[in-house]
$ cat final.pdb   # PDB, C-alpha atoms
ATOM      1  CA  MET A 436     113.807 137.532  89.787  1.00  0.00           C
ATOM      2  CA  GLY A 437     112.058 140.699  88.640  1.00  0.00           C
ATOM      3  CA  GLN A 438     108.335 141.267  88.610  1.00  0.00           C
ATOM      4  CA  ASN A 439     107.587 139.554  85.294  1.00  0.00           C
ATOM      5  CA  TYR A 440     107.011 136.172  86.904  1.00  0.00           C
ATOM      6  CA  ALA A 441     103.969 134.173  87.953  1.00  0.00           C
ATOM      7  CA  LEU A 442     103.268 132.736  91.370  1.00  0.00           C
ATOM      8  CA  VAL A 443     100.959 129.745  91.853  1.00  0.00           C
ATOM      9  CA  VAL A 444      99.390 129.047  95.250  1.00  0.00           C
ATOM     10  CA  ASP A 445      97.812 125.596  95.465  1.00  0.00           C
ATOM     11  CA  ASP A 446      97.999 123.022  98.261  1.00  0.00           C
ATOM     12  CA  HIS A 447      98.157 120.228  95.675  1.00  0.00           C
ATOM     13  CA  PRO A 448     101.830 120.357  94.564  1.00  0.00           C
ATOM     14  CA  LEU A 449     101.309 118.285  91.421  1.00  0.00           C
ATOM     15  CA  VAL A 450      98.482 120.531  90.242  1.00  0.00           C
ATOM     16  CA  ALA A 451     100.462 123.656  91.102  1.00  0.00           C
ATOM     17  CA  SER A 452     103.509 122.435  89.182  1.00  0.00           C
ATOM     18  CA  GLY A 453     101.335 121.662  86.175  1.00  0.00           C
ATOM     19  CA  ILE A 454      99.903 125.176  86.184  1.00  0.00           C
ATOM     20  CA  ALA A 455     103.360 126.711  86.590  1.00  0.00           C
ATOM     21  CA  ASN A 456     104.790 124.685  83.708  1.00  0.00           C
ATOM     22  CA  PHE A 457     101.837 125.658  81.526  1.00  0.00           C
ATOM     23  CA  LEU A 458     102.388 129.350  82.289  1.00  0.00           C
ATOM     24  CA  ILE A 459     105.998 129.042  81.156  1.00  0.00           C
ATOM     25  CA  SER A 460     105.352 126.980  78.037  1.00  0.00           C
ATOM     26  CA  HIS A 461     102.164 128.651  76.817  1.00  0.00           C
ATOM     27  CA  CYS A 462     101.768 132.063  78.455  1.00  0.00           C
ATOM     28  CA  GLN A 463     105.178 133.677  77.858  1.00  0.00           C
ATOM     29  CA  PHE A 464     106.334 133.671  81.466  1.00  0.00           C
ATOM     30  CA  LYS A 465     110.033 133.037  81.876  1.00  0.00           C
ATOM     31  CA  GLN A 466     109.555 132.022  85.498  1.00  0.00           C
ATOM     32  CA  ALA A 467     106.649 130.611  87.487  1.00  0.00           C
ATOM     33  CA  CYS A 468     107.061 129.725  91.152  1.00  0.00           C
ATOM     34  CA  VAL A 469     104.959 127.356  93.218  1.00  0.00           C
ATOM     35  CA  VAL A 470     103.964 127.560  96.892  1.00  0.00           C
ATOM     36  CA  THR A 471     101.414 125.528  98.803  1.00  0.00           C
ATOM     37  CA  ASN A 472     100.211 127.936 101.488  1.00  0.00           C
ATOM     38  CA  GLU A 473      99.705 131.574 102.401  1.00  0.00           C
ATOM     39  CA  GLU A 474     102.827 131.859 104.554  1.00  0.00           C
ATOM     40  CA  ASP A 475     105.079 130.729 101.717  1.00  0.00           C
ATOM     41  CA  CYS A 476     103.237 133.052  99.352  1.00  0.00           C
ATOM     42  CA  TYR A 477     104.098 136.074 101.494  1.00  0.00           C
ATOM     43  CA  ARG A 478     107.676 134.851 101.905  1.00  0.00           C
ATOM     44  CA  GLN A 479     108.051 134.460  98.151  1.00  0.00           C
ATOM     45  CA  ILE A 480     106.800 137.988  97.557  1.00  0.00           C
ATOM     46  CA  ARG A 481     109.039 139.440 100.261  1.00  0.00           C
ATOM     47  CA  ASP A 482     112.095 137.699  98.845  1.00  0.00           C
ATOM     48  CA  ASN A 483     111.465 138.232  95.134  1.00  0.00           C
ATOM     49  CA  GLY A 484     108.977 141.062  94.828  1.00  0.00           C
ATOM     50  CA  PRO A 485     105.342 140.879  93.754  1.00  0.00           C
ATOM     51  CA  PRO A 486     104.576 138.705  90.724  1.00  0.00           C
ATOM     52  CA  ARG A 487     102.887 139.955  87.613  1.00  0.00           C
ATOM     53  CA  LEU A 488     100.273 137.210  87.953  1.00  0.00           C
ATOM     54  CA  LEU A 489      99.136 135.382  91.071  1.00  0.00           C
ATOM     55  CA  VAL A 490      97.178 132.169  90.445  1.00  0.00           C
ATOM     56  CA  ILE A 491      95.378 130.934  93.566  1.00  0.00           C
ATOM     57  CA  ASP A 492      93.344 127.798  94.176  1.00  0.00           C
ATOM     58  CA  PHE A 493      90.081 128.908  95.773  1.00  0.00           C
ATOM     59  CA  TRP A 494      90.190 126.090  98.324  1.00  0.00           C
ATOM     60  CA  LEU A 495      93.381 126.132 100.366  1.00  0.00           C
ATOM     61  CA  SER A 496      94.106 123.961 103.381  1.00  0.00           C
ATOM     62  CA  SER A 497      93.370 126.859 105.728  1.00  0.00           C
ATOM     63  CA  GLY A 498      90.119 127.869 104.029  1.00  0.00           C
ATOM     64  CA  THR A 499      89.262 129.936 100.986  1.00  0.00           C
ATOM     65  CA  ALA A 500      91.648 132.127  99.016  1.00  0.00           C
ATOM     66  CA  LEU A 501      89.620 135.285  99.588  1.00  0.00           C
ATOM     67  CA  LYS A 502      91.562 136.498 102.634  1.00  0.00           C
ATOM     68  CA  LEU A 503      94.895 136.024 100.850  1.00  0.00           C
ATOM     69  CA  LEU A 504      93.581 137.725  97.733  1.00  0.00           C
ATOM     70  CA  LYS A 505      92.343 140.774  99.619  1.00  0.00           C
ATOM     71  CA  GLU A 506      95.514 141.160 101.680  1.00  0.00           C
ATOM     72  CA  VAL A 507      97.930 140.821  98.758  1.00  0.00           C
ATOM     73  CA  LYS A 508      95.783 143.118  96.610  1.00  0.00           C
ATOM     74  CA  GLN A 509      95.888 145.793  99.302  1.00  0.00           C
ATOM     75  CA  LEU A 510      99.676 145.553  99.589  1.00  0.00           C
ATOM     76  CA  TYR A 511     100.421 145.097  95.883  1.00  0.00           C
ATOM     77  CA  PRO A 512      97.600 146.564  93.757  1.00  0.00           C
ATOM     78  CA  GLN A 513      99.612 146.012  90.562  1.00  0.00           C
ATOM     79  CA  VAL A 514      99.363 142.222  90.841  1.00  0.00           C
ATOM     80  CA  ARG A 515      96.796 140.475  88.635  1.00  0.00           C
ATOM     81  CA  PHE A 516      94.791 137.763  90.422  1.00  0.00           C
ATOM     82  CA  LEU A 517      93.434 134.639  88.755  1.00  0.00           C
ATOM     83  CA  VAL A 518      91.547 132.181  90.974  1.00  0.00           C
ATOM     84  CA  VAL A 519      91.061 128.560  89.911  1.00  0.00           C
ATOM     85  CA  SER A 520      88.857 125.882  91.414  1.00  0.00           C
ATOM     86  CA  GLY A 521      87.409 122.456  90.801  1.00  0.00           C
ATOM     87  CA  ASP A 522      84.169 123.646  92.404  1.00  0.00           C
ATOM     88  CA  ASP A 523      81.689 125.035  89.867  1.00  0.00           C
ATOM     89  CA  ASN A 524      79.325 126.568  92.405  1.00  0.00           C
ATOM     90  CA  ASN A 525      78.147 129.842  90.900  1.00  0.00           C
ATOM     91  CA  ASP A 526      78.682 131.675  94.187  1.00  0.00           C
ATOM     92  CA  ILE A 527      82.440 131.162  94.119  1.00  0.00           C
ATOM     93  CA  TRP A 528      83.380 133.293  91.137  1.00  0.00           C
ATOM     94  CA  GLN A 529      81.015 135.998  92.399  1.00  0.00           C
ATOM     95  CA  LYS A 530      82.860 136.002  95.725  1.00  0.00           C
ATOM     96  CA  VAL A 531      86.174 136.211  93.871  1.00  0.00           C
ATOM     97  CA  HIS A 532      84.874 139.143  91.837  1.00  0.00           C
ATOM     98  CA  ALA A 533      83.577 140.914  94.940  1.00  0.00           C
ATOM     99  CA  ALA A 534      86.933 140.417  96.692  1.00  0.00           C
ATOM    100  CA  GLY A 535      88.751 142.185  93.880  1.00  0.00           C
ATOM    101  CA  GLY A 536      89.989 139.240  91.848  1.00  0.00           C
ATOM    102  CA  HIS A 537      90.484 139.770  88.143  1.00  0.00           C
ATOM    103  CA  GLY A 538      89.513 136.335  86.849  1.00  0.00           C
ATOM    104  CA  PHE A 539      88.203 132.876  87.618  1.00  0.00           C
ATOM    105  CA  VAL A 540      88.690 129.598  85.740  1.00  0.00           C
ATOM    106  CA  LEU A 541      87.398 126.132  86.552  1.00  0.00           C
ATOM    107  CA  LYS A 542      90.044 123.420  86.650  1.00  0.00           C
ATOM    108  CA  SER A 543      87.805 121.347  84.392  1.00  0.00           C
ATOM    109  CA  GLU A 544      88.108 123.880  81.569  1.00  0.00           C
ATOM    110  CA  PRO A 545      90.380 123.043  78.614  1.00  0.00           C
ATOM    111  CA  PRO A 546      93.926 124.453  78.727  1.00  0.00           C
ATOM    112  CA  GLU A 547      93.081 126.868  75.922  1.00  0.00           C
ATOM    113  CA  MET A 548      90.479 128.519  78.138  1.00  0.00           C
ATOM    114  CA  PHE A 549      93.023 128.948  80.934  1.00  0.00           C
ATOM    115  CA  SER A 550      95.481 130.466  78.451  1.00  0.00           C
ATOM    116  CA  ARG A 551      92.868 132.919  77.196  1.00  0.00           C
ATOM    117  CA  ALA A 552      92.057 133.939  80.757  1.00  0.00           C
ATOM    118  CA  VAL A 553      95.717 134.580  81.535  1.00  0.00           C
ATOM    119  CA  CYS A 554      96.145 136.656  78.377  1.00  0.00           C
ATOM    120  CA  ALA A 555      93.066 138.692  79.257  1.00  0.00           C
ATOM    121  CA  LEU A 556      94.390 139.463  82.736  1.00  0.00           C
ATOM    122  CA  LEU A 557      97.810 140.433  81.404  1.00  0.00           C
ATOM    123  CA  ASP A 558      96.034 142.861  79.059  1.00  0.00           C
ATOM    124  CA  ASN A 559      94.371 144.419  82.128  1.00  0.00           C
ATOM    125  CA  LEU A 560      91.014 142.821  81.319  1.00  0.00           C
ATOM    126  CA  THR A 561      88.918 140.549  83.522  1.00  0.00           C
ATOM    127  CA  TRP A 562      87.765 136.965  82.954  1.00  0.00           C
ATOM    128  CA  PHE A 563      84.696 135.581  84.675  1.00  0.00           C
ATOM    129  CA  PRO A 564      82.105 132.980  83.614  1.00  0.00           C
ATOM    130  CA  GLU A 565      78.583 133.978  82.832  1.00  0.00           C
ATOM    131  CA  ARG A 566      76.022 133.284  85.506  1.00  0.00           C
ATOM    132  CA  ASN A 567      74.481 129.858  85.002  1.00  0.00           C
ATOM    133  CA  ASP A 568      70.878 128.862  85.585  1.00  0.00           C
ATOM    134  CA  PHE A 569      71.590 126.803  88.679  1.00  0.00           C
ATOM    135  CA  SER A 570      71.294 128.601  92.019  1.00  0.00           C
ATOM    136  CA  ALA A 571      71.289 127.488  95.621  1.00  0.00           C
ATOM    137  CA  GLU A 572      67.800 128.937  96.100  1.00  0.00           C
ATOM    138  CA  ALA A 573      66.363 127.020  93.169  1.00  0.00           C
ATOM    139  CA  ASN A 574      68.065 123.854  94.305  1.00  0.00           C
ATOM    140  CA  ASN A 575      66.722 124.167  97.829  1.00  0.00           C
ATOM    141  CA  GLU A 576      63.226 124.209  96.350  1.00  0.00           C
ATOM    142  CA  LYS A 577      63.985 120.891  94.632  1.00  0.00           C
ATOM    143  CA  LEU A 578      65.201 119.403  97.905  1.00  0.00           C
ATOM    144  CA  SER A 579      62.248 120.497 100.056  1.00  0.00           C
ATOM    145  CA  LYS A 580      60.166 117.463  99.027  1.00  0.00           C
ATOM    146  CA  PHE A 581      62.691 115.099 100.654  1.00  0.00           C
ATOM    147  CA  ASN A 582      62.097 116.478 104.171  1.00  0.00           C
ATOM    148  CA  LEU A 583      65.795 117.181 104.739  1.00  0.00           C
ATOM    149  CA  THR A 584      67.005 119.212 107.690  1.00  0.00           C
ATOM    150  CA  PRO A 585      68.685 122.574 106.962  1.00  0.00           C
ATOM    151  CA  ARG A 586      72.092 121.053 107.756  1.00  0.00           C
ATOM    152  CA  GLN A 587      71.413 118.089 105.465  1.00  0.00           C
ATOM    153  CA  ILE A 588      70.533 120.527 102.680  1.00  0.00           C
ATOM    154  CA  ASP A 589      73.842 122.331 103.264  1.00  0.00           C
ATOM    155  CA  VAL A 590      75.751 119.045 103.051  1.00  0.00           C
ATOM    156  CA  LEU A 591      73.886 117.891  99.945  1.00  0.00           C
ATOM    157  CA  ASN A 592      74.472 121.182  98.157  1.00  0.00           C
ATOM    158  CA  MET A 593      78.201 120.774  98.791  1.00  0.00           C
ATOM    159  CA  ILE A 594      78.110 117.178  97.555  1.00  0.00           C
ATOM    160  CA  MET A 595      76.497 118.403  94.359  1.00  0.00           C
ATOM    161  CA  ARG A 596      79.288 120.935  93.983  1.00  0.00           C
ATOM    162  CA  GLY A 597      81.806 118.107  94.121  1.00  0.00           C
ATOM    163  CA  LEU A 598      83.331 118.902  97.505  1.00  0.00           C
ATOM    164  CA  PRO A 599      85.008 116.007  99.361  1.00  0.00           C
ATOM    165  CA  ASN A 600      84.047 115.210 102.939  1.00  0.00           C
ATOM    166  CA  LYS A 601      87.114 116.983 104.335  1.00  0.00           C
ATOM    167  CA  ARG A 602      86.169 120.259 102.651  1.00  0.00           C
ATOM    168  CA  ILE A 603      82.531 119.931 103.691  1.00  0.00           C
ATOM    169  CA  ALA A 604      83.606 119.365 107.299  1.00  0.00           C
ATOM    170  CA  ALA A 605      85.929 122.383 107.238  1.00  0.00           C
ATOM    171  CA  GLN A 606      83.359 124.685 105.686  1.00  0.00           C
ATOM    172  CA  LEU A 607      80.599 123.667 108.103  1.00  0.00           C
ATOM    173  CA  SER A 608      82.917 123.410 111.131  1.00  0.00           C
ATOM    174  CA  ILE A 609      81.908 119.823 111.838  1.00  0.00           C
ATOM    175  CA  SER A 610      83.842 116.551 111.945  1.00  0.00           C
ATOM    176  CA  GLU A 611      84.258 114.205 108.987  1.00  0.00           C
ATOM    177  CA  PRO A 612      82.399 111.387 110.796  1.00  0.00           C
ATOM    178  CA  THR A 613      79.483 113.797 111.232  1.00  0.00           C
ATOM    179  CA  VAL A 614      79.584 114.585 107.523  1.00  0.00           C
ATOM    180  CA  LYS A 615      79.489 110.858 106.728  1.00  0.00           C
ATOM    181  CA  GLU A 616      76.524 110.402 109.040  1.00  0.00           C
ATOM    182  CA  HIS A 617      74.677 113.260 107.328  1.00  0.00           C
ATOM    183  CA  ILE A 618      75.425 111.774 103.917  1.00  0.00           C
ATOM    184  CA  SER A 619      74.136 108.360 104.960  1.00  0.00           C
ATOM    185  CA  ASN A 620      70.867 109.884 106.182  1.00  0.00           C
ATOM    186  CA  ILE A 621      70.563 112.049 103.067  1.00  0.00           C
ATOM    187  CA  LEU A 622      70.966 109.102 100.714  1.00  0.00           C
ATOM    188  CA  LYS A 623      68.248 107.179 102.584  1.00  0.00           C
ATOM    189  CA  LYS A 624      65.824 110.114 102.424  1.00  0.00           C
ATOM    190  CA  ILE A 625      66.218 110.724  98.703  1.00  0.00           C
ATOM    191  CA  GLY A 626      66.250 107.014  97.887  1.00  0.00           C
ATOM    192  CA  VAL A 627      69.675 106.505  96.322  1.00  0.00           C
ATOM    193  CA  ASN A 628      72.712 104.417  97.221  1.00  0.00           C
ATOM    194  CA  SER A 629      75.665 106.716  96.465  1.00  0.00           C
ATOM    195  CA  ARG A 630      76.832 110.292  96.029  1.00  0.00           C
ATOM    196  CA  VAL A 631      77.020 109.776  92.280  1.00  0.00           C
ATOM    197  CA  GLU A 632      73.390 108.666  92.147  1.00  0.00           C
ATOM    198  CA  ALA A 633      72.366 111.680  94.220  1.00  0.00           C
ATOM    199  CA  ILE A 634      74.170 114.072  91.899  1.00  0.00           C
ATOM    200  CA  THR A 635      72.686 112.398  88.826  1.00  0.00           C
ATOM    201  CA  LEU A 636      69.182 112.501  90.275  1.00  0.00           C
ATOM    202  CA  LEU A 637      69.237 116.092  91.498  1.00  0.00           C
ATOM    203  CA  HIS A 638      71.698 117.859  89.241  1.00  0.00           C
ATOM    204  CA  GLY A 639      71.259 115.933  86.036  1.00  0.00           C
ATOM    205  CA  LYS A 640      74.563 116.948  84.497  1.00  0.00           C
ATOM    206  CA  ARG A 641      77.366 116.455  87.001  1.00  0.00           C
ATOM    207  CA  GLU A 642      79.595 113.496  87.651  1.00  0.00           C
ATOM    208  CA  SER A 643      81.618 113.000  90.800  1.00  0.00           C
ATOM    209  CA  SER A 644      85.242 111.946  90.758  1.00  0.00           C
ATOM    210  CA  GLU A 645      84.853 110.224  94.122  1.00  0.00           C
TER     211      GLU A 645
END
$ encode --input "final.pdb" --output "structure tokens"
Amino acid sequence: MGQNYALVVDDHPLVASGIANFLISHCQFKQACVVTNEEDCYRQIRDNGPPRLLVIDFWLSSGTALKLLKEVKQLYPQVRFLVVSGDDNNDIWQKVHAAGGHGFVLKSEPPEMFSRAVCALLDNLTWFPERNDFSAEANNEKLSKFNLTPRQIDVLNMIMRGLPNKRIAAQLSISEPTVKEHISNILKKIGVNSRVEAITLLHGKRESSE
């Protein structure tokens, strides 16, 4: 296959295929392969050599992409790493940067932005968003008036970042029913009826797809 190919790691096959097709049609890659997990990523690299570009979804079924990024980077320092995510929490791209990634793009960005990020990485540049004004510390100050428990604040912050219950449960190492119970109590305390209303009230600019 040669090393001038892209490899996409995303546990949503339809999304991964869309990214791969875009890389071929708009980013001058002749080949772009798709895998859905870390094991298949390593197998692909062993069988075909390291790709020129590795696009990884930040949230994989086994956790975050940071462990995979660090391990592949150590083994194949020539690979360029672009992390994508539907989660616009400011901490994420900073974690990607600290782990040695070369770029980060939100899945909500227009295709042109993704293309520009890819071109930047292939030119040995980096691509990261500017820090926004929203921070977890500032948000926790907003939430203090609702008398939420520390765990409820954790859950609400993740709701505001757009994470589904399954991801919240995995990140906090609790069950989905427990997450639902927390959400129910949170909504009562802040005086709203749904996740969307909570996001609108507290964030002012986000909409949830759920």
$ atom_distance --input "final.pdb" --atom1 "CA of Phe539 (chain A)" --atom2 "CA of Asn559 (chain A)"
14.2 Å
$ residues_around --input "final.pdb" --residues "region 511-526 of chain A" --least-positions-apart "2" --cutoff "9 Å" --atoms "all atoms listed in the file" --output "JSON, numbers by chain"
{"A": [485, 486, 487, 488, 489, 490, 491, 492, 493, 494, 500, 504, 506, 507, 508, 509, 528, 529, 530, 531, 535, 536, 537, 538, 539, 540, 541, 542, 543, 552, 553, 556, 557, 559, 562, 564, 566, 567, 569, 570, 571, 593, 595, 596, 597, 598]}
$ residues_around --input "final.pdb" --residues "region 495-499 of chain A" --least-positions-apart "2" --cutoff "8 Å" --atoms "only C-alpha atoms" --output "list of chain:residue names"
A:Asp445, A:Asp446, A:Asn472, A:Asp492, A:Phe493, A:Leu501, A:Lys502, A:Ala605, A:Gln606
$ atom_distance --input "final.pdb" --atom1 "CA of Ser452 (chain A)" --atom2 "CA of His532 (chain A)"
25.2 Å
$ atom_distance --input "final.pdb" --atom1 "CA of Leu510 (chain A)" --atom2 "CA of Met548 (chain A)"
28.9 Å
$ closest_residue --input "final.pdb" --among "A:Leu449, A:Leu442, A:Ile480, A:Leu637" --to "Lys465 (chain A)" --atoms "only C-alpha atoms"
A:Leu442
$ resolve_selection --input "final.pdb" --expression "the PyMOL selection byres ((chain A and resi 454) around 10)" --output "ChimeraX atom specification"
/A:442-445,448-453,455-460,467-469,490,546,549
$ closest_residue --input "final.pdb" --among "A:Cys554, A:Leu622, A:Ala534, A:Ala604" --to "His461 (chain A)" --atoms "only C-alpha atoms"
A:Cys554
$ closest_residue --input "final.pdb" --among "A:Ser579, A:Asn483, A:Asn600, A:Gln463" --to "Lys624 (chain A)" --atoms "only C-alpha atoms"
A:Ser579
$ closest_residue --input "final.pdb" --among "A:His617, A:Lys623, A:Lys601, A:Arg551" --to "Ile588 (chain A)" --atoms "only C-alpha atoms"
A:His617
$ closest_residue --input "final.pdb" --among "A:Ile594, A:Ala441, A:Ala555, A:Cys462" --to "Ala633 (chain A)" --atoms "all atoms listed in the file"
A:Ile594
$ closest_residue --input "final.pdb" --among "A:Asn620, A:Val470, A:Asp482, A:Asn439" --to "Asn582 (chain A)" --atoms "all atoms listed in the file"
A:Asn620
$ axis_aligned_box --input "final.pdb" --around "region 604-618 of chain A" --padding-each-side "6 Å" --output "JSON"
{"center_x": 80.3, "center_y": 117.5, "center_z": 107.9, "size_x": 23.3, "size_y": 26.3, "size_z": 20.0}
